[in-house]
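Note: the block below is input.cif and it holds mmCIF, C-alpha atoms.
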data_coords
loop_
_atom_site.label_atom_id
_atom_site.label_comp_id
_atom_site.auth_asym_id
_atom_site.auth_seq_id
_atom_site.Cartn_x
_atom_site.Cartn_y
_atom_site.Cartn_z
CA MET A 43 3.98 -20.53 17.50
CA LYS A 44 6.75 -19.14 15.30
CA LYS A 45 5.56 -17.74 11.98
CA THR A 46 7.19 -15.75 9.19
CA ILE A 47 6.02 -12.91 6.97
CA TYR A 48 8.05 -10.83 4.52
CA LEU A 49 7.41 -7.08 4.36
CA ALA A 50 8.68 -4.64 1.74
CA GLY A 51 8.19 -1.04 2.71
CA GLY A 52 10.81 0.99 0.90
CA CYS A 53 14.25 1.22 2.47
CA PHE A 54 14.72 -2.02 4.38
CA TRP A 55 16.98 -0.46 7.02
CA GLY A 56 14.14 1.38 8.71
CA VAL A 57 11.61 -1.40 8.23
CA GLN A 58 13.96 -3.78 10.04
CA ALA A 59 14.71 -1.29 12.84
CA TYR A 60 10.98 -0.64 13.32
CA PHE A 61 9.95 -4.29 13.60
CA ASP A 62 12.94 -5.18 15.79
CA GLN A 63 11.42 -2.97 18.51
CA LEU A 64 8.15 -4.91 18.77
CA LYS A 65 7.18 -7.43 21.42
CA GLY A 66 6.66 -10.80 19.76
CA VAL A 67 9.11 -10.22 16.91
CA LEU A 68 11.72 -12.94 17.31
CA SER A 69 14.16 -11.95 14.58
CA THR A 70 14.47 -10.01 11.34
CA LYS A 71 16.70 -10.21 8.29
CA VAL A 72 16.93 -7.81 5.36
CA GLY A 73 17.14 -9.14 1.84
CA TYR A 74 15.92 -9.08 -1.72
CA ALA A 75 12.61 -10.74 -2.59
CA ASN A 76 10.53 -11.91 -5.52
CA GLY A 77 12.88 -11.02 -8.32
CA THR A 78 13.71 -12.90 -11.49
CA THR A 79 17.45 -13.39 -10.98
CA ALA A 80 19.38 -15.49 -8.47
CA PHE A 81 21.71 -14.10 -5.79
CA PRO A 82 21.28 -10.37 -6.47
CA LYS A 83 23.51 -7.80 -4.81
CA TYR A 84 22.56 -4.29 -3.72
CA GLU A 85 24.49 -2.81 -6.64
CA ASP A 86 22.43 -4.96 -9.05
CA LEU A 87 19.20 -3.43 -7.73
CA LYS A 88 20.57 0.12 -7.86
CA ALA A 89 21.77 -0.42 -11.45
CA GLY A 90 18.45 -1.94 -12.56
CA LYS A 91 20.07 -5.33 -13.24
CA ALA A 92 17.78 -7.05 -10.69
CA ASP A 93 14.07 -6.51 -10.03
CA HIS A 94 13.79 -7.63 -6.41
CA ALA A 95 12.11 -5.66 -3.62
CA GLU A 96 14.06 -4.59 -0.56
CA THR A 97 12.30 -6.79 1.97
CA VAL A 98 12.47 -7.72 5.64
CA LYS A 99 11.91 -11.29 6.77
CA VAL A 100 10.02 -11.07 10.07
CA ASP A 101 9.92 -14.12 12.32
CA TYR A 102 7.36 -13.65 15.06
CA ASP A 103 5.51 -15.44 17.82
CA ASP A 104 1.85 -15.30 16.82
CA GLU A 105 0.82 -15.90 20.42
CA VAL A 106 2.36 -12.53 21.31
CA ILE A 107 1.75 -10.50 18.13
CA SER A 108 -0.64 -11.38 15.33
CA LEU A 109 -0.24 -10.92 11.60
CA LYS A 110 -3.00 -8.29 11.77
CA ASP A 111 -1.03 -6.41 14.42
CA LEU A 112 2.12 -6.55 12.28
CA LEU A 113 0.18 -5.25 9.28
CA GLY A 114 -1.25 -2.47 11.44
CA HIS A 115 2.29 -1.42 12.30
CA TYR A 116 3.28 -1.66 8.64
CA LEU A 117 0.50 0.74 7.67
CA ARG A 118 1.81 3.28 10.19
CA PHE A 119 4.82 4.05 8.03
CA VAL A 120 4.13 3.05 4.42
CA ASP A 121 2.25 5.11 1.90
CA PRO A 122 -0.01 2.41 0.44
CA TYR A 123 -0.88 4.38 -2.70
CA VAL A 124 2.60 5.10 -4.06
CA ILE A 125 4.27 2.85 -6.63
CA ASP A 126 8.04 2.26 -6.49
CA LYS A 127 8.69 4.99 -3.93
CA GLN A 128 8.69 5.48 -0.17
CA GLY A 129 10.05 8.64 1.42
CA HIS A 130 12.93 9.98 -0.66
CA ASP A 131 13.78 6.53 -2.04
CA GLU A 132 12.63 5.91 -5.60
CA GLY A 133 12.96 2.84 -7.79
CA HIS A 134 11.37 -0.55 -8.29
CA GLN A 135 13.33 -2.03 -5.36
CA TYR A 136 11.46 0.36 -3.02
CA ARG A 137 7.99 -0.96 -3.85
CA THR A 138 5.68 -2.06 -1.07
CA GLY A 139 4.73 -5.69 -0.61
CA VAL A 140 3.50 -8.35 1.77
CA TYR A 141 4.94 -11.73 0.81
CA TYR A 142 3.69 -14.91 2.43
CA THR A 143 4.62 -18.58 2.48
CA ASP A 144 1.33 -19.74 4.05
CA LEU A 145 -1.71 -19.24 1.80
CA LEU A 146 -3.89 -18.45 4.81
CA ASP A 147 -1.55 -15.57 5.67
CA GLY A 148 -2.00 -14.27 2.13
CA ILE A 149 -5.77 -14.35 2.47
CA GLU A 150 -5.57 -12.64 5.86
CA ALA A 151 -3.25 -9.95 4.48
CA HIS A 152 -5.56 -9.24 1.51
CA GLU A 153 -8.57 -9.00 3.83
CA TYR A 154 -6.77 -6.78 6.35
CA LEU A 155 -5.38 -4.35 3.80
CA SER A 156 -8.68 -4.15 1.91
CA SER A 157 -10.54 -3.30 5.10
CA HIS A 158 -7.97 -0.79 6.42
CA ILE A 159 -7.02 1.12 3.27
CA GLU A 160 -9.54 3.23 1.45
CA GLY A 161 -9.69 2.68 -2.30
CA GLU A 162 -7.12 1.08 -4.58
CA TYR A 163 -3.74 0.49 -2.96
CA ALA A 164 -0.33 -0.27 -4.47
CA ILE A 165 0.89 -2.80 -1.89
CA GLU A 166 1.67 -6.05 -3.65
CA VAL A 167 0.37 -9.10 -1.77
CA ALA A 168 1.94 -12.21 -3.25
CA GLN A 169 3.40 -15.58 -2.46
CA MET A 170 7.09 -15.52 -1.59
CA ARG A 171 8.95 -16.87 -4.62
CA ASN A 172 12.49 -16.20 -3.48
CA PHE A 173 14.40 -14.34 -0.78
CA PHE A 174 18.12 -13.67 -0.82
CA PRO A 175 19.66 -12.22 2.36
CA ALA A 176 21.30 -8.85 1.81
CA GLU A 177 24.98 -8.23 2.34
CA GLU A 178 26.12 -8.22 5.98
CA TYR A 179 26.65 -4.45 6.08
CA HIS A 180 22.90 -3.99 5.45
CA GLN A 181 21.87 -6.23 8.38
CA ASP A 182 20.90 -4.08 11.40
CA TYR A 183 22.21 -1.07 9.47
CA LEU A 184 20.60 1.60 11.64
CA LYS A 185 21.96 -0.02 14.81
CA LYS A 186 25.44 0.10 13.29
CA ASN A 187 24.87 3.58 11.80
CA PRO A 188 22.45 5.46 14.09
CA GLY A 189 22.59 8.58 11.91
CA GLY A 190 21.64 6.69 8.75
CA TYR A 191 18.69 7.93 6.71
CA CYS A 192 15.44 6.07 6.31
CA HIS A 193 11.89 7.30 5.80
CA VAL A 194 10.50 5.07 8.57
CA ASN A 195 9.73 6.98 11.77
CA LEU A 196 10.96 4.62 14.49
CA LYS A 197 9.18 6.71 17.14
CA LEU A 198 5.79 5.47 15.89
CA VAL A 199 6.20 2.41 18.13
CA LYS A 200 4.40 3.11 21.41
CA PRO A 201 6.22 2.33 24.68
CA GLU A 202 3.78 -0.48 25.56
CA GLU A 203 4.45 -2.15 22.19
CA LYS A 204 8.23 -2.32 22.69
CA LYS A 205 10.25 -5.28 23.87
#
Please re-express this file's structure in structure tokens.
Amino acid sequence: MKKTIYLAGGCFWGVQAYFDQLKGVLSTKVGYANGTTAFPKYEDLKAGKADHAETVKVDYDDEVISLKDLLGHYLRFVDPYVIDKQGHDEGHQYRTGVYYTDLLDGIEAHEYLSSHIEGEYAIEVAQMRNFFPAEEYHQDYLKKNPGGYCHVNLKLVKPEEKK
């Protein structure tokens, strides 16, 4: 069955490229989530005029890959203890978060993270309030720009996990 989860893990270029490799992931889209303004642009986030998180919408087939498996992958590349920073990217838009539309997914995410991360973690687990797709040049950015920087190590996906 097709399900959706939204994952913020710093720079959304690498998060998207990572999840696009996985069996069971049907599609991804980068965008801006859970902010207080409508229709933000990348420049608004960089200038501090919008408070959204760079986020990836992940549509997946839960008969092929579970939410727990997706969260396991997520924990491979995020630092769960850092606030507003991942890799060399700093700022509120680079915070970590798991945003859900199904309350049961929220409960599952809380339980998973609590049992797989030692101590207090900084990953925000919250209901999805809003999601605005990013500008087209951000979509599949690392496919279009293979030399682009992102903190996410795309080689962490094992061969048997790839499409």
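Distances from A:Tyr48, A:Phe61, A:Tyr142, A:Trp55 to Gly189 of chain A were compared using all atoms listed in the file, and the smallest one belongs to A:Trp55.
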- Using the chain letters and numbers from the file, which residues does the PyMOL selection byres ((chain A and resi 88-102) around 9) grab, as number ranges by chain? A: 43-55, 57-58, 61-62, 65-80, 82-87, 103-109, 133-141, 173, 175-176
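Across the model, the gap from atom CA of Lys204 of chain A to atom CA of Leu64 of chain A is 4.7 Å.
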- Take atom CA of Ile165 of chain A and atom CA of Val120 of chain A and report the distance between them in Å, one decimal. 9.2 Å
- What gap, in Å, lies between atom CA of Gly56 of chain A and atom CA of Asp144 of chain A?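 Taking atom CA of Gly56 of chain A and atom CA of Asp144 of chain A, their separation equals 25.1 Å.
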- Message: If we count all atoms listed in the file and set the cut-off at 12 Å, which residues sit around Ser156 of chain A, ignoring sequence neighbours fewer than 6 positions away in its own chain? Please answer as a list in words.
- Response: Leu113, Leu117, Pro122, Ile149, Glu150, Glu162, Tyr163, Ala164, Ile165, Glu166 and Val167 of chain A
